[in-house]
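Enquirer: Below you'll find the structure I mean.
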Amino acid sequence: MSGALLLNNLDFVCLQHARMCRGEITRGTMRDSILKHARWRIRDLLQQGARLKCPKLAATCRFLLRHEPSLWVFLYHEGVEPTNNAAERALRPPVIWRKISFGNDTESGARCTERLLIIAETCGQIGRCIRTFLTEALLAYRQGRQPPRLLPEPAT
């Protein structure tokens, strides 16, 4: 297995996705190009890697092969990214906060922190003011009412 070949194919996938995002090519063209030039090569390289003598590398390749269909969801579903960059960016502030604050001393403190960080991230993603949401939630709690929904009601 050649790591360089794998990286070249992954670079090709990311380049095609970036071209689609810039409007240079359509989703269908991106999908066809990746399916023709990269997907099967990547699978072959992972299969080669799964047979290597290096236990950690072989295990990683086997893991990726088990989940291989999930790697290509972005080809078929708009809004799904081929990388986890958005998730990494969303996790960064809580990780930094935990590092500089030394975390929590109790399980209940950890649950409270988790919930507040989830609310903060969700409010940020949907453009809702966290202060307004928390005020409404606290007022509802004090008045014995249902708390406000963070997300809209699902369509029935």
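Chain labels A, B, ... are given in the sequence in which chains occur in the structure tokens; within each chain residues are numbered consecutively from 1, and ligands are likewise numbered from 1 in the order shown.
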Fewer than 2 positions away in the same chain doesn't count, so skip those; otherwise give me all residues within 12 Å of Thr132 in chain A, counting only C-alpha atoms, as a VMD selection string.
Expert: chain A and resid 119 to 120 123 127 to 130 134 to 139 148 150
Enquirer: Next, dump the selected residues to file, keeping only N, CA and C atoms, as a PDB file, in the first residue's frame.
Expert:
```
ATOM      1  N   ILE A 119     -26.328  23.709  23.997  1.00  0.00           N
ATOM      2  CA  ILE A 119     -27.262  24.807  23.735  1.00  0.00           C
ATOM      3  C   ILE A 119     -26.540  25.955  23.037  1.00  0.00           C
ATOM      4  N   ALA A 120     -25.350  26.306  23.518  1.00  0.00           N
ATOM      5  CA  ALA A 120     -24.590  27.407  22.920  1.00  0.00           C
ATOM      6  C   ALA A 120     -24.257  27.107  21.463  1.00  0.00           C
ATOM      7  N   CYS A 123     -27.567  27.094  19.321  1.00  0.00           N
ATOM      8  CA  CYS A 123     -28.045  28.472  19.114  1.00  0.00           C
ATOM      9  C   CYS A 123     -27.169  29.189  18.091  1.00  0.00           C
ATOM     10  N   GLY A 127     -28.557  30.594  14.541  1.00  0.00           N
ATOM     11  CA  GLY A 127     -28.688  32.042  14.622  1.00  0.00           C
ATOM     12  C   GLY A 127     -29.635  32.519  15.713  1.00  0.00           C
ATOM     13  N   ARG A 128     -29.787  31.726  16.755  1.00  0.00           N
ATOM     14  CA  ARG A 128     -30.667  32.101  17.863  1.00  0.00           C
ATOM     15  C   ARG A 128     -29.825  32.649  19.010  1.00  0.00           C
ATOM     16  N   CYS A 129     -30.323  33.657  19.682  1.00  0.00           N
ATOM     17  CA  CYS A 129     -29.609  34.278  20.792  1.00  0.00           C
ATOM     18  C   CYS A 129     -29.659  33.344  22.007  1.00  0.00           C
ATOM     19  N   ILE A 130     -28.495  32.936  22.481  1.00  0.00           N
ATOM     20  CA  ILE A 130     -28.441  32.003  23.617  1.00  0.00           C
ATOM     21  C   ILE A 130     -29.005  32.662  24.872  1.00  0.00           C
ATOM     22  N   LEU A 134     -31.993  30.983  27.032  1.00  0.00           N
ATOM     23  CA  LEU A 134     -31.826  30.607  28.442  1.00  0.00           C
ATOM     24  C   LEU A 134     -32.783  31.384  29.344  1.00  0.00           C
ATOM     25  N   THR A 135     -33.021  32.653  29.023  1.00  0.00           N
ATOM     26  CA  THR A 135     -33.987  33.444  29.804  1.00  0.00           C
ATOM     27  C   THR A 135     -35.372  32.828  29.704  1.00  0.00           C
ATOM     28  N   GLU A 136     -35.790  32.488  28.484  1.00  0.00           N
ATOM     29  CA  GLU A 136     -37.102  31.866  28.274  1.00  0.00           C
ATOM     30  C   GLU A 136     -37.182  30.520  29.007  1.00  0.00           C
ATOM     31  N   ALA A 137     -36.112  29.758  28.987  1.00  0.00           N
ATOM     32  CA  ALA A 137     -36.102  28.451  29.641  1.00  0.00           C
ATOM     33  C   ALA A 137     -36.221  28.601  31.159  1.00  0.00           C
ATOM     34  N   LEU A 138     -35.484  29.529  31.726  1.00  0.00           N
ATOM     35  CA  LEU A 138     -35.545  29.740  33.179  1.00  0.00           C
ATOM     36  C   LEU A 138     -36.906  30.270  33.617  1.00  0.00           C
ATOM     37  N   LEU A 139     -37.471  31.199  32.848  1.00  0.00           N
ATOM     38  CA  LEU A 139     -38.808  31.711  33.177  1.00  0.00           C
ATOM     39  C   LEU A 139     -39.852  30.595  33.106  1.00  0.00           C
ATOM     40  N   PRO A 148     -38.933  26.247  26.304  1.00  0.00           N
ATOM     41  CA  PRO A 148     -38.971  26.516  24.866  1.00  0.00           C
ATOM     42  C   PRO A 148     -38.211  25.430  24.107  1.00  0.00           C
ATOM     43  N   LEU A 150     -35.639  24.225  21.382  1.00  0.00           N
ATOM     44  CA  LEU A 150     -34.417  24.781  20.791  1.00  0.00           C
ATOM     45  C   LEU A 150     -34.495  24.736  19.270  1.00  0.00           C
TER      46      LEU A 150
END
```
Enquirer: Name all residues at most 12 Å from Leu10 in chain A (count only C-alpha atoms; drop same-chain ones fewer than 6 positions away) and give them as a ChimeraX atom specification.
Expert: /A:3-4,16-17,34,37-43,45,71-72,82-83
Enquirer: Counting only C-alpha atoms, what is within 12 Å of Glu114 in chain A, bar same-chain residues fewer than 5 positions away, as a list in words?
Expert: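 Contacts, in chain order: Leu91, Pro94, Val95, Trp97, Arg98, Gly103, Asn104, Glu107, Ser108, Gly109, Ile119, Ala120 and Glu121 of chain A.
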Enquirer: So how many Å separate CA of Ala110 in chain A and CA of Arg131 in chain A, to one decimal?
Expert: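 Separation of CA of Ala110 in chain A and CA of Arg131 in chain A: 20.5 Å.
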Enquirer: Please tabulate, as a Markdown table, the residues of range 56-140 of chain A that come within 12 Å of range 23-30 of chain A, each with its closest pair of atoms and the distance in Å to one decimal, counting only C-alpha atoms and ordering rows by chain, then residue number upward.
Expert:
```
| residue | atom | partner | partner_atom | distance |
| --- | --- | --- | --- | --- |
| A:Trp72 | CA | A:Met30 | CA | 11.8 |
| A:Phe74 | CA | A:Arg27 | CA | 9.7 |
| A:Leu75 | CA | A:Arg27 | CA | 7.4 |
| A:Tyr76 | CA | A:Arg27 | CA | 8.2 |
| A:His77 | CA | A:Arg27 | CA | 9.4 |
| A:Glu78 | CA | A:Arg27 | CA | 8.4 |
| A:Gly79 | CA | A:Arg27 | CA | 11.2 |
| A:Val80 | CA | A:Arg27 | CA | 11.9 |
```
Enquirer: Taking the backbone alone, and naming residues the way the document does, which bits of range 18-144 of chain A are alpha helix (DSSP H) by DSSP, as an MDAnalysis selection string?
Expert: chainID A and resid 18:21 27:34 40:50 55:66 85:101 107:126 130:142
Enquirer: Quick one, how far is CA of Ala59 in chain A from CA of Gln47 in chain A?
Expert: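 Separation between CA of Ala59 in chain A and CA of Gln47 in chain A: 10.9 Å.
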Enquirer: Let me make sure I understand: among A:Glu81, A:Ser2, A:Arg142, A:Phe102, which one has the smallest atom-to-atom distance to Met20 in chain A if we use only C-alpha atoms?
Expert: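 Smallest distance to Met20 in chain A is found for A:Glu81.
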